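Reviewing the structure listed below.
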Amino acid sequence: MYDVDVVVPGEPASAKNQRRIVQVHGKPRIIKSKKALDYARAFAHNFPKLDPLIEDDVALRLDVWYASRRPDLGAMDLVMDLLQGLAYVNDRQVKASVSTWNLDRENPRTRVRLIRAPHESSVGLSSFKLSRIWPEET
């Protein structure tokens, strides 16, 4: 049903909320947090690279299980960035997205599902019923 359905272990960090300032060649730069950088490495290690990459528009569905109630659901931007070069060419291909927050203290993880968007998506997905994008769960 899905073109991609992968579970990535670990807890994603928000790419936006946890930036840090570092010096690069004597100039200040803002980079992702250590947690976000560590997750990026783990994600790349655990997500199989598609060959060929998807070049069509896609819909992205994330189910995120966090280890505590503290994090918000800020993982979408980070995961969209991490999927570039692994699943699709560019995150601008994502034309619809859905994410859910879940709690699993013992097994934090992210389930990533991608489906090619209908060709009509170029005229705007807002006119589509979600049932036309997402397959029904069994």
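In the structure tokens, the first chain shown is A, the next is B, and so on; residue numbers restart at 1 for each chain, and ligands run from 1 in the order shown.
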
Inset, instruction - Mind listing the alpha helix (DSSP H) residues of chain A, per DSSP on the backbone, as a list in words? - result: Lys34, Lys35, Ala36, Leu37, Asp38, Tyr39, Ala40, Arg41, Ala42, Phe43, Ala44, His45, Asn46, Met76, Asp77, Leu78, Val79, Met80, Asp81, Leu82, Leu83, Leu130, Ser131, Arg132 and Ile133 of chain A

Please dump the current selection as a compact mmCIF listing (two decimals), in the first residue's frame; keep N, CA and C atoms.
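Writing done, so here's result_27.txt:
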# COMPACT_ATOMS: atom_id res chain seq x y z
N LYS A 34 23.11 18.70 19.42
CA LYS A 34 23.81 17.41 19.41
C LYS A 34 22.82 16.27 19.27
N LYS A 35 21.68 16.39 19.96
CA LYS A 35 20.66 15.33 19.87
C LYS A 35 20.15 15.19 18.43
N ALA A 36 19.92 16.31 17.74
CA ALA A 36 19.45 16.26 16.36
C ALA A 36 20.52 15.68 15.44
N LEU A 37 21.78 16.06 15.66
CA LEU A 37 22.87 15.52 14.84
C LEU A 37 23.06 14.02 15.07
N ASP A 38 22.96 13.59 16.34
CA ASP A 38 23.07 12.16 16.65
C ASP A 38 21.93 11.38 15.99
N TYR A 39 20.72 11.95 16.06
CA TYR A 39 19.58 11.28 15.44
C TYR A 39 19.74 11.21 13.93
N ALA A 40 20.28 12.25 13.33
CA ALA A 40 20.51 12.26 11.88
C ALA A 40 21.44 11.12 11.47
N ARG A 41 22.50 10.90 12.24
CA ARG A 41 23.41 9.79 11.94
C ARG A 41 22.71 8.45 12.10
N ALA A 42 21.95 8.29 13.17
CA ALA A 42 21.23 7.03 13.40
C ALA A 42 20.18 6.80 12.32
N PHE A 43 19.51 7.87 11.90
CA PHE A 43 18.49 7.77 10.87
C PHE A 43 19.11 7.28 9.56
N ALA A 44 20.22 7.89 9.18
CA ALA A 44 20.90 7.51 7.93
C ALA A 44 21.37 6.06 7.99
N HIS A 45 21.75 5.60 9.16
CA HIS A 45 22.22 4.22 9.34
C HIS A 45 21.07 3.21 9.25
N ASN A 46 19.88 3.60 9.71
CA ASN A 46 18.75 2.68 9.82
C ASN A 46 17.73 2.78 8.68
N MET A 76 8.85 16.74 12.33
CA MET A 76 8.51 16.68 10.91
C MET A 76 9.59 17.33 10.03
N ASP A 77 10.01 18.55 10.38
CA ASP A 77 11.02 19.23 9.56
C ASP A 77 12.33 18.46 9.50
N LEU A 78 12.77 17.95 10.64
CA LEU A 78 14.02 17.20 10.68
C LEU A 78 13.92 15.94 9.82
N VAL A 79 12.85 15.17 9.98
CA VAL A 79 12.70 13.93 9.22
C VAL A 79 12.57 14.23 7.72
N MET A 80 11.83 15.28 7.37
CA MET A 80 11.73 15.65 5.95
C MET A 80 13.11 15.94 5.37
N ASP A 81 13.94 16.65 6.12
CA ASP A 81 15.31 16.93 5.68
C ASP A 81 16.12 15.64 5.55
N LEU A 82 15.97 14.75 6.53
CA LEU A 82 16.76 13.51 6.54
C LEU A 82 16.37 12.56 5.40
N LEU A 83 15.14 12.67 4.92
CA LEU A 83 14.70 11.80 3.82
C LEU A 83 15.26 12.22 2.47
N LEU A 130 -8.78 13.06 2.48
CA LEU A 130 -7.61 12.33 2.96
C LEU A 130 -7.67 10.87 2.57
N SER A 131 -8.86 10.31 2.47
CA SER A 131 -8.98 8.90 2.11
C SER A 131 -8.46 8.63 0.71
N ARG A 132 -8.37 9.66 -0.13
CA ARG A 132 -7.81 9.47 -1.46
C ARG A 132 -6.30 9.46 -1.43
N ILE A 133 -5.70 9.96 -0.34
CA ILE A 133 -4.24 9.97 -0.23
C ILE A 133 -3.78 8.77 0.58

Inset, instruction - Tell me which protein, DNA and RNA residues are within 12 Å of Asn90 in chain A, counting only C-alpha atoms, leaving out same-chain ones fewer than 2 positions away, and put them as number ranges by chain. - result: A: 53-58, 80-88, 92-95

Inset, instruction - Would you please work out which residue, of A:Asp72, A:Asp63, A:Glu11, A:Asp91, is nearest to Arg105 in chain A when using only C-alpha atoms? - result: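 For Arg105 in chain A, the nearest of the candidates is A:Glu11.
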
Legend entry - Two-atom distance - CA of Tyr2 in chain A, CA of Ala117 in chain A (Å):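 Computing it gives 10.8 Å between the two atoms.
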
Legend entry - Counting only C-alpha atoms, the option among A:Val24, A:Ile30, A:Ala75, A:Leu103 closest to Leu62 in chain A: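 Of the candidates, the smallest distance to Leu62 in chain A is held by A:Ala75.
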
Legend entry - All strand (DSSP E or B) residues (DSSP, backbone) inside chain A, as a ChimeraX atom specification: /A:4-9,19-24,27-32,54,58-66,84,88,94-103,109-116

Legend entry - Which of A:Pro135, A:Asn102, A:Val89, A:Arg113 sits closest to Arg69 in chain A [using only C-alpha atoms]: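 Distance minimum relative to Arg69 in chain A lands on A:Asn102.
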
Legend entry - Between CA of Val64 in chain A and CA of Val4 in chain A, distance in Å (one decimal): 15.8 Å

Inset, instruction - Would you please work out which residue, of A:Lys32, A:His25, A:Arg109, A:Arg61, is nearest to Ala96 in chain A when using only C-alpha atoms? - result: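 Of A:Lys32, A:His25, A:Arg109, A:Arg61, the one nearest Ala96 in chain A, counting only C-alpha atoms, is A:Arg61.
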